[in-house]
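Okay, target-v1.cif now, which holds mmCIF, C-alpha atoms:
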data_target
loop_
_atom_site.label_atom_id
_atom_site.label_comp_id
_atom_site.auth_asym_id
_atom_site.auth_seq_id
_atom_site.Cartn_x
_atom_site.Cartn_y
_atom_site.Cartn_z
CA MET F 1 0.00 0.00 0.00
CA LYS F 2 2.78 2.39 0.97
CA GLN F 3 4.54 1.59 -2.26
CA LEU F 4 1.40 2.36 -4.19
CA ILE F 5 1.05 5.74 -2.47
CA ALA F 6 4.69 6.48 -3.16
CA LEU F 7 4.21 5.57 -6.80
CA ILE F 8 1.19 7.84 -7.09
CA CYS F 9 3.13 10.70 -5.48
CA ILE F 10 6.01 10.24 -7.88
CA SER F 11 3.64 10.15 -10.84
CA ILE F 12 2.04 13.40 -9.68
CA CYS F 13 5.47 15.02 -9.40
CA PHE F 14 6.25 14.05 -12.99
CA ALA F 15 2.87 15.24 -14.14
CA VAL F 16 3.51 18.62 -12.51
CA VAL F 17 6.88 18.85 -14.24
CA VAL F 18 5.26 18.14 -17.60
CA ILE F 19 2.54 20.74 -17.04
CA ALA F 20 5.09 23.28 -15.86
CA LYS F 21 7.04 22.78 -19.06
CA ASP F 22 3.96 23.29 -21.16
CA ALA F 23 2.72 26.51 -19.65
CA GLN F 24 4.24 29.77 -20.80
CA PRO F 25 4.43 31.76 -17.58
CA ASN F 26 5.71 34.89 -19.30
CA GLU F 27 3.00 34.96 -21.93
CA ASP F 28 -0.24 36.85 -21.83
CA PRO F 29 -2.90 34.35 -20.64
CA GLN F 30 -5.50 35.89 -22.92
CA ILE F 31 -3.33 35.30 -25.98
CA GLU F 32 -2.49 31.80 -24.77
CA GLN F 33 -6.19 31.00 -24.48
CA ARG F 34 -6.88 32.39 -27.95
CA MET F 35 -3.92 30.40 -29.27
CA LYS F 36 -5.24 27.24 -27.72
CA ASN F 37 -8.72 27.71 -29.17
CA LEU F 38 -7.35 28.44 -32.63
CA THR F 39 -4.66 25.77 -32.81
CA GLU F 40 -7.09 23.09 -31.67
CA GLN F 41 -8.93 23.57 -34.97
CA LEU F 42 -5.77 23.24 -37.03
CA ARG F 43 -3.98 20.18 -38.23
CA CYS F 44 -0.29 19.60 -37.73
CA LEU F 45 1.22 18.77 -41.11
CA VAL F 46 3.93 16.53 -39.75
CA CYS F 47 1.77 14.26 -37.60
CA GLN F 48 -1.44 14.62 -39.49
CA ASN F 49 -3.77 13.24 -36.87
CA GLU F 50 -2.67 15.69 -34.24
CA THR F 51 -3.82 19.24 -33.82
CA LEU F 52 -1.38 22.08 -33.97
CA ALA F 53 -2.10 22.61 -30.27
CA ASP F 54 -1.07 19.09 -29.27
CA SER F 55 1.77 18.36 -31.63
CA ARG F 56 5.32 18.18 -30.41
CA ALA F 57 6.75 18.35 -33.92
CA ASP F 58 9.34 21.06 -34.55
CA LEU F 59 7.26 22.62 -37.26
CA ALA F 60 4.21 22.79 -34.98
CA GLU F 61 6.27 24.59 -32.37
CA ASP F 62 7.53 27.06 -34.96
CA LEU F 63 4.02 27.65 -36.22
CA ARG F 64 2.71 28.19 -32.71
CA LYS F 65 5.49 30.71 -32.24
CA GLN F 66 4.44 32.46 -35.46
CA ILE F 67 0.79 32.45 -34.42
CA ARG F 68 1.66 33.86 -31.01
CA GLU F 69 3.71 36.65 -32.62
CA GLN F 70 0.91 37.48 -35.02
CA MET F 71 -1.65 37.57 -32.23
CA LYS F 72 0.55 39.95 -30.31
CA ALA F 73 0.79 42.07 -33.44
CA GLY F 74 -3.01 42.33 -33.35
CA LYS F 75 -3.89 40.02 -36.23
CA SER F 76 -7.34 38.49 -36.19
CA ASP F 77 -7.95 34.73 -36.15
CA LYS F 78 -9.18 35.00 -39.73
CA GLU F 79 -5.95 36.64 -40.87
CA ILE F 80 -3.89 34.00 -39.12
CA ILE F 81 -5.88 31.19 -40.72
CA ALA F 82 -5.37 32.87 -44.10
CA TYR F 83 -1.63 33.03 -43.37
CA LEU F 84 -1.61 29.27 -42.82
CA THR F 85 -3.87 28.25 -45.70
CA ASP F 86 -1.81 30.43 -48.08
CA ARG F 87 1.15 28.22 -47.26
CA TYR F 88 -0.26 24.79 -46.54
CA GLY F 89 -3.69 24.84 -48.17
CA ASP F 90 -7.07 23.97 -46.69
CA PHE F 91 -5.52 20.77 -45.47
CA VAL F 92 -4.54 22.48 -42.21
CA LEU F 93 -8.19 23.09 -41.40
CA TYR F 94 -10.03 20.29 -39.66
CA LYS F 95 -13.22 21.95 -40.85
CA PRO F 96 -12.83 22.55 -44.57
CA PRO F 97 -14.49 25.63 -46.10
CA VAL F 98 -17.60 25.24 -48.25
CA LYS F 99 -16.54 25.86 -51.86
CA ALA F 100 -16.88 24.27 -55.29
CA THR F 101 -14.26 21.57 -54.67
CA THR F 102 -15.73 20.59 -51.31
CA TYR F 103 -19.43 20.53 -52.26
CA LEU F 104 -19.31 16.75 -52.60
CA LEU F 105 -17.77 16.48 -49.16
CA TRP F 106 -20.31 18.75 -47.51
CA PHE F 107 -23.47 17.84 -49.37
CA GLY F 108 -22.69 14.31 -50.63
CA PRO F 109 -24.03 12.59 -47.52
CA PHE F 110 -27.33 14.51 -47.76
CA VAL F 111 -27.65 13.64 -51.45
CA PHE F 112 -27.19 9.98 -50.54
CA LEU F 113 -29.70 10.27 -47.70
CA ILE F 114 -32.35 11.89 -49.89
CA GLY F 115 -31.65 9.51 -52.79
CA GLY F 116 -31.89 6.53 -50.47
CA THR F 117 -35.14 7.75 -48.99
CA ILE F 118 -36.70 8.24 -52.45
CA VAL F 119 -35.62 4.76 -53.54
CA LEU F 120 -36.98 3.25 -50.33
CA LEU F 121 -40.33 5.04 -50.59
CA ARG F 122 -40.79 4.00 -54.22
CA PHE F 123 -39.88 0.44 -53.37
CA VAL F 124 -42.38 0.27 -50.51
CA LYS F 125 -45.09 1.86 -52.66
CA ARG F 126 -44.52 -0.61 -55.47
CA ARG F 127 -44.68 -3.54 -53.05
CA ARG F 128 -47.96 -2.28 -51.68
CA GLU F 129 -49.42 -2.04 -55.18
CA MET F 130 -48.38 -5.62 -55.89
CA ILE F 131 -50.54 -6.96 -53.07
CA HIS F 132 -54.20 -7.20 -54.20
CA GLU F 133 -56.67 -7.20 -51.36
CA GLU F 134 -59.61 -9.44 -52.29
CA PRO F 135 -62.45 -10.22 -49.89
CA LEU F 136 -62.83 -13.88 -48.91
CA THR F 137 -65.55 -15.93 -50.46
CA ALA F 138 -68.08 -17.63 -48.22
CA ASP F 139 -66.34 -20.95 -48.68
CA GLU F 140 -62.97 -19.58 -47.74
CA ARG F 141 -64.39 -17.90 -44.69
CA LYS F 142 -65.85 -21.19 -43.51
CA GLN F 143 -62.53 -22.92 -44.08
CA ALA F 144 -60.72 -20.26 -42.08
CA GLU F 145 -63.15 -20.52 -39.21
CA GLU F 146 -62.68 -24.27 -39.11
CA LEU F 147 -58.94 -23.91 -39.04
CA LEU F 148 -59.14 -21.43 -36.19
CA ARG F 149 -61.44 -23.69 -34.21
CA SER F 150 -59.24 -26.74 -34.58
CA ALA F 151 -56.16 -24.81 -33.43
CA MET I 1 -34.19 -9.50 -64.86
CA ASN I 2 -35.20 -6.24 -63.31
CA LYS I 3 -32.76 -3.62 -64.53
CA TYR I 4 -33.26 -1.57 -61.36
CA LEU I 5 -31.59 -4.34 -59.38
CA LEU I 6 -28.32 -3.44 -61.11
CA ILE I 7 -28.30 0.08 -59.71
CA PRO I 8 -27.03 -0.85 -56.22
CA LEU I 9 -24.33 -3.01 -57.80
CA VAL I 10 -23.15 -0.17 -60.03
CA LEU I 11 -23.17 2.22 -57.08
CA PHE I 12 -21.22 -0.26 -55.00
CA ILE I 13 -18.58 -0.75 -57.69
CA GLY I 14 -18.30 3.02 -58.02
CA LEU I 15 -17.77 3.37 -54.29
CA VAL I 16 -15.15 0.62 -54.25
CA ALA I 17 -13.28 2.28 -57.15
CA PHE I 18 -13.40 5.62 -55.32
CA LEU I 19 -12.01 4.10 -52.12
CA LEU I 20 -9.37 2.10 -53.98
CA VAL I 21 -7.99 5.25 -55.57
CA GLY I 22 -7.91 6.89 -52.15
CA LEU I 23 -6.09 3.90 -50.70
CA HIS I 24 -3.18 4.31 -53.10
CA ARG I 25 -2.72 7.98 -52.45
CA ASP I 26 -0.05 9.15 -50.08
CA PRO I 27 -1.74 11.20 -47.37
CA HIS I 28 1.55 12.93 -46.70
CA GLU I 29 1.52 14.55 -50.10
CA VAL I 30 -0.46 17.64 -49.41
CA PRO I 31 -1.14 19.62 -52.59
CA SER I 32 0.61 22.96 -52.31
CA PRO I 33 -1.50 26.08 -52.73
CA LEU I 34 1.65 27.81 -53.99
CA ILE I 35 1.70 26.08 -57.38
CA ASN I 36 1.34 28.72 -60.11
CA LYS I 37 1.74 31.48 -57.54
CA ALA I 38 4.67 33.81 -57.09
CA ALA I 39 7.48 32.26 -55.09
CA PRO I 40 7.58 34.00 -51.68
CA ASP I 41 10.46 36.42 -51.49
CA PHE I 42 13.28 35.87 -49.05
CA GLN I 43 16.51 37.45 -47.98
CA LEU I 44 18.83 34.70 -46.82
CA GLN I 45 22.47 34.51 -45.85
CA GLN I 46 24.78 32.29 -47.78
CA LEU I 47 25.78 29.20 -45.88
CA SER I 48 29.53 29.64 -46.02
CA GLU I 49 29.56 33.44 -46.27
CA PRO I 50 26.94 34.84 -43.90
CA ALA I 51 27.90 38.38 -44.86
CA LYS I 52 26.45 37.83 -48.32
CA THR I 53 22.72 37.53 -48.75
CA ILE I 54 20.53 36.67 -51.68
CA SER I 55 16.87 37.26 -52.40
CA ALA I 56 14.39 35.37 -54.53
CA LYS I 57 13.93 38.48 -56.68
CA GLU I 58 17.54 38.32 -57.81
CA MET I 59 16.72 35.01 -59.49
CA ARG I 60 14.28 36.53 -61.98
CA GLY I 61 14.98 35.51 -65.55
CA LYS I 62 16.24 32.06 -64.58
CA VAL I 63 14.56 28.71 -64.27
CA TRP I 64 15.85 27.24 -61.04
CA LEU I 65 15.25 24.61 -58.44
CA LEU I 66 14.99 25.53 -54.79
CA ASN I 67 15.72 22.57 -52.54
CA PHE I 68 15.09 22.58 -48.78
CA TRP I 69 17.31 20.20 -46.88
CA GLY I 70 19.17 19.71 -43.61
CA THR I 71 21.89 17.50 -42.21
CA TRP I 72 19.39 16.21 -39.63
CA CYS I 73 17.09 14.97 -42.38
CA VAL I 74 17.50 11.31 -43.27
CA ALA I 75 15.59 11.46 -46.56
CA CYS I 76 17.85 14.34 -47.67
CA ARG I 77 20.86 12.05 -47.35
CA GLU I 78 19.12 9.67 -49.69
CA GLU I 79 18.45 12.48 -52.14
CA HIS I 80 21.90 14.03 -51.95
CA PRO I 81 23.80 11.74 -54.36
CA VAL I 82 20.98 12.08 -56.91
CA LEU I 83 21.27 15.87 -56.80
CA VAL I 84 25.07 15.69 -57.03
CA LYS I 85 24.77 13.49 -60.09
CA TYR I 86 22.32 15.76 -61.93
CA SER I 87 24.02 18.98 -60.90
CA LYS I 88 26.98 17.84 -62.99
CA THR I 89 24.81 17.89 -66.11
CA ASN I 90 24.34 21.66 -65.64
CA ALA I 91 20.77 21.27 -66.86
CA LEU I 92 19.23 23.31 -64.08
CA PRO I 93 20.74 25.42 -61.31
CA ILE I 94 19.92 24.01 -57.89
CA TYR I 95 19.81 26.38 -54.95
CA GLY I 96 19.83 24.78 -51.56
CA VAL I 97 18.24 26.09 -48.39
CA ASP I 98 19.78 24.60 -45.30
CA TYR I 99 16.73 24.43 -43.10
CA LYS I 100 17.00 24.79 -39.29
CA ASP I 101 20.46 23.35 -39.22
CA ASP I 102 23.89 23.65 -37.75
CA ARG I 103 25.93 25.72 -40.21
CA ALA I 104 29.23 23.92 -39.57
CA ALA I 105 27.65 20.49 -39.96
CA ALA I 106 26.08 21.51 -43.27
CA ILE I 107 29.36 22.91 -44.63
CA GLN I 108 31.14 19.74 -43.61
CA LEU I 109 28.54 17.49 -45.23
CA LEU I 110 28.79 19.36 -48.53
CA ALA I 111 32.57 19.13 -48.41
CA GLU I 112 32.50 15.40 -47.79
CA GLU I 113 29.59 14.22 -49.91
CA GLY I 114 29.82 16.69 -52.77
CA ASN I 115 28.02 19.95 -53.32
CA PRO I 116 25.18 19.92 -55.85
CA TYR I 117 24.19 23.52 -55.17
CA THR I 118 24.94 26.55 -57.27
CA MET I 119 24.54 28.38 -53.99
CA THR I 120 23.53 27.25 -50.54
CA LEU I 121 21.50 29.52 -48.30
CA SER I 122 20.87 29.25 -44.63
CA ASP I 123 17.46 29.44 -42.95
CA PRO I 124 18.30 28.86 -39.29
CA GLU I 125 14.92 30.01 -37.94
CA GLY I 126 12.90 28.25 -40.61
CA ARG I 127 10.97 31.43 -41.48
CA THR I 128 11.51 31.14 -45.22
CA SER I 129 10.66 27.47 -45.08
CA ILE I 130 7.34 28.29 -43.43
CA ASP I 131 6.67 30.88 -46.15
CA TYR I 132 7.17 28.15 -48.72
CA GLY I 133 4.91 25.75 -46.85
CA VAL I 134 7.67 23.25 -46.20
CA TYR I 135 6.53 20.64 -43.71
CA GLY I 136 8.90 17.77 -44.31
CA ALA I 137 12.34 18.03 -45.84
CA PRO I 138 13.43 17.48 -48.49
CA GLU I 139 11.08 19.58 -50.56
CA SER I 140 11.91 21.18 -53.88
CA TYR I 141 10.32 23.94 -55.90
CA LEU I 142 10.79 24.52 -59.60
CA ILE I 143 10.56 28.26 -60.21
CA ASP I 144 10.23 29.86 -63.64
CA LYS I 145 11.71 33.03 -65.13
CA GLN I 146 8.89 35.18 -63.80
CA GLY I 147 9.43 33.88 -60.30
CA VAL I 148 6.37 31.63 -60.30
CA ILE I 149 6.42 28.20 -58.65
CA ARG I 150 5.55 25.64 -61.30
CA PHE I 151 6.18 22.34 -59.56
CA LYS I 152 6.73 21.08 -56.05
CA GLN I 153 8.36 17.82 -55.13
CA ILE I 154 7.61 16.59 -51.63
CA GLY I 155 10.17 14.05 -50.49
CA PRO I 156 13.43 13.04 -52.13
CA ILE I 157 14.06 13.69 -55.80
CA THR I 158 14.70 10.35 -57.48
CA ASP I 159 15.99 9.56 -60.97
CA GLU I 160 12.40 9.07 -62.02
CA VAL I 161 11.23 12.42 -60.64
CA TRP I 162 14.17 14.28 -62.16
CA ASN I 163 13.93 12.72 -65.62
CA ASN I 164 10.16 12.52 -65.95
CA LYS I 165 8.94 15.59 -64.14
CA ILE I 166 11.52 18.21 -63.27
CA LEU I 167 13.76 18.13 -66.33
CA PRO I 168 11.02 18.13 -69.03
CA LEU I 169 9.19 20.96 -67.27
CA ALA I 170 12.40 22.95 -66.75
CA LYS I 171 13.26 22.63 -70.46
CA GLN I 172 9.81 23.77 -71.42
CA LEU I 173 9.99 26.73 -69.06
CA ALA I 174 13.42 27.73 -70.29
CA GLN I 175 12.14 28.30 -73.84
#

Please, can you express the file's structure as structure tokens?
Amino acid sequence: MKQLIALICISICFAVVVIAKDAQPNEDPQIEQRMKNLTEQLRCLVCQNETLADSRADLAEDLRKQIREQMKAGKSDKEIIAYLTDRYGDFVLYKPPVKATTYLLWFGPFVFLIGGTIVLLRFVKRRREMIHEEPLTADERKQAEELLRSA
Amino acid sequence: MNKYLLIPLVLFIGLVAFLLVGLHRDPHEVPSPLINKAAPDFQLQQLSEPAKTISAKEMRGKVWLLNFWGTWCVACREEHPVLVKYSKTNALPIYGVDYKDDRAAAIQLLAEEGNPYTMTLSDPEGRTSIDYGVYGAPESYLIDKQGVIRFKQIGPITDEVWNNKILPLAKQLAQ
């Protein structure tokens, strides 16, 4: 038990060290928060499944530095995003913009959904038309009653 | 047979073809938005003579290749002998940008392994590399006489890339 507590304490110490390294004590917290919000929406080009906020790649660090400098210089988020897409393309955006080349991406699923629904409705309608409802004859009714009674 | 039954099959084959194409694409090759745009200007120090600088504007009127590399970059080592070989043909001037690197190490490497570059520039902070949208060295840009980027190679230049893509395009641009 003691060993376990010791282990937990040590882990916490390490965790604190890691957090301490991450924070930028000399930076403006408002800019850091803005940075975090913005870079979480951007893709790191080196490790493509990481955000620019999380990535430890050299390039990501350089880009964060650039973004921080630009924020300090009073650039808006839009201008900073333009700065990045001018260099790396829309690929850096996790949420691609709606434009001619991305229509299929944005609206494709809805086209499939609507198409599928139309096909399904027509199919069901056709099936319904195929079934002819005819009233039972007196003989058939008698037969059915007998069957029900014997069951 | 009901011809409508074939529709799902056709759709399915279409989808499979679409996915198959996607499967063979390299997700690391991000299309550059800089193709057919003016090459970003820079003012960089020469690697061995930091007192001398050069800018992209000074290159107007020439078709040239701008190659980003570094001694820390493994794929650049692979590319290096290929560049050395083709630089000897004098078909196309190659300008190197030593990207976020140790100057002395870069000078030493060029002395030992051969120097394919007409001129080597130094980008210690990586600012110019960011302007060019470099995200993984080596990357090379073919720039025309008007200073427009016409082709970008991501990853090492191989014999195939040089002979089939860069050289034919450079010849065409030089006319």

Distance-based interface of chain I with chain F, 10 Å, counting all atoms listed in the file, as a count of residues only: 21

I'd like the residues picked by the PyMOL selection byres ((chain I and resi 58) around 12) written out as a PyMOL selection string, using the chain letters and numbers from the file. chain I and resi 41-44+53-57+59-64+145-147

The selected residues should be written to file as a PDB file, keeping the file's coordinate frame (atoms: C-alpha atoms).
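New file out.pdb:
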ATOM      1  CA  ASP I  41      10.460  36.420 -51.490  1.00  0.00           C
ATOM      2  CA  PHE I  42      13.280  35.870 -49.050  1.00  0.00           C
ATOM      3  CA  GLN I  43      16.510  37.450 -47.980  1.00  0.00           C
ATOM      4  CA  LEU I  44      18.830  34.700 -46.820  1.00  0.00           C
ATOM      5  CA  THR I  53      22.720  37.530 -48.750  1.00  0.00           C
ATOM      6  CA  ILE I  54      20.530  36.670 -51.680  1.00  0.00           C
ATOM      7  CA  SER I  55      16.870  37.260 -52.400  1.00  0.00           C
ATOM      8  CA  ALA I  56      14.390  35.370 -54.530  1.00  0.00           C
ATOM      9  CA  LYS I  57      13.930  38.480 -56.680  1.00  0.00           C
ATOM     10  CA  MET I  59      16.720  35.010 -59.490  1.00  0.00           C
ATOM     11  CA  ARG I  60      14.280  36.530 -61.980  1.00  0.00           C
ATOM     12  CA  GLY I  61      14.980  35.510 -65.550  1.00  0.00           C
ATOM     13  CA  LYS I  62      16.240  32.060 -64.580  1.00  0.00           C
ATOM     14  CA  VAL I  63      14.560  28.710 -64.270  1.00  0.00           C
ATOM     15  CA  TRP I  64      15.850  27.240 -61.040  1.00  0.00           C
ATOM     16  CA  LYS I 145      11.710  33.030 -65.130  1.00  0.00           C
ATOM     17  CA  GLN I 146       8.890  35.180 -63.800  1.00  0.00           C
ATOM     18  CA  GLY I 147       9.430  33.880 -60.300  1.00  0.00           C
TER      19      GLY I 147
END

What is the atom CA of F:Lys65 to atom CA of F:Met35 distance in Å? 9.9 Å

Quick one: pull the distance between atom CA of F:Leu38 and atom CA of F:Ala100, Å, one decimal. 24.9 Å

Just say which residues the PyMOL selection byres ((chain I and resi 93) around 10) picks in this file, as a PDB file with C-alpha atoms, in the frame of the given file.
ATOM      1  CA  LYS I  62      16.240  32.060 -64.580  1.00  0.00           C
ATOM      2  CA  VAL I  63      14.560  28.710 -64.270  1.00  0.00           C
ATOM      3  CA  TRP I  64      15.850  27.240 -61.040  1.00  0.00           C
ATOM      4  CA  LEU I  65      15.250  24.610 -58.440  1.00  0.00           C
ATOM      5  CA  LEU I  66      14.990  25.530 -54.790  1.00  0.00           C
ATOM      6  CA  TYR I  86      22.320  15.760 -61.930  1.00  0.00           C
ATOM      7  CA  SER I  87      24.020  18.980 -60.900  1.00  0.00           C
ATOM      8  CA  LYS I  88      26.980  17.840 -62.990  1.00  0.00           C
ATOM      9  CA  THR I  89      24.810  17.890 -66.110  1.00  0.00           C
ATOM     10  CA  ASN I  90      24.340  21.660 -65.640  1.00  0.00           C
ATOM     11  CA  ALA I  91      20.770  21.270 -66.860  1.00  0.00           C
ATOM     12  CA  LEU I  92      19.230  23.310 -64.080  1.00  0.00           C
ATOM     13  CA  ILE I  94      19.920  24.010 -57.890  1.00  0.00           C
ATOM     14  CA  TYR I  95      19.810  26.380 -54.950  1.00  0.00           C
ATOM     15  CA  GLY I  96      19.830  24.780 -51.560  1.00  0.00           C
ATOM     16  CA  PRO I 116      25.180  19.920 -55.850  1.00  0.00           C
ATOM     17  CA  TYR I 117      24.190  23.520 -55.170  1.00  0.00           C
ATOM     18  CA  THR I 118      24.940  26.550 -57.270  1.00  0.00           C
ATOM     19  CA  MET I 119      24.540  28.380 -53.990  1.00  0.00           C
TER      20      MET I 119
END

8 Å contact set for I:Thr120, only C-alpha atoms, chain neighbours under 4 positions out, as a list of chain:residue names: I:Gln46, I:Leu47, I:Ser48, I:Tyr95, I:Gly96, I:Val97, I:Asp98

Requested write-out: C-alpha atoms of the selected residues, as a PDB file, keeping the file's coordinate frame:
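The result, written out as result35.pdb:
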ATOM      1  CA  GLN I  46      24.780  32.290 -47.780  1.00  0.00           C
ATOM      2  CA  LEU I  47      25.780  29.200 -45.880  1.00  0.00           C
ATOM      3  CA  SER I  48      29.530  29.640 -46.020  1.00  0.00           C
ATOM      4  CA  TYR I  95      19.810  26.380 -54.950  1.00  0.00           C
ATOM      5  CA  GLY I  96      19.830  24.780 -51.560  1.00  0.00           C
ATOM      6  CA  VAL I  97      18.240  26.090 -48.390  1.00  0.00           C
ATOM      7  CA  ASP I  98      19.780  24.600 -45.300  1.00  0.00           C
TER       8      ASP I  98
END

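Going from atom CA of I:Leu109 to atom CA of I:Cys76 covers 11.4 Å.
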
Can you list, as a list of chain:residue names, the residues that the PyMOL selection byres ((chain I and resi 158-165) around 10) selects here? I:Glu78, I:Glu79, I:His80, I:Pro81, I:Val82, I:Leu83, I:Lys85, I:Tyr86, I:Phe151, I:Gln153, I:Gly155, I:Pro156, I:Ile157, I:Ile166, I:Leu167, I:Pro168, I:Leu169, I:Ala170

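Between I:Asn115 and the residues I:Ile35, I:Leu173, I:Leu11, I:Val84, the shortest atom-to-atom distance, using only C-alpha atoms, involves I:Val84.
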
Smallest atom-to-atom distance to F:Ile31: which of F:Ile81, F:Gly115, F:Ala73, F:Glu145, using only C-alpha atoms? F:Ala73
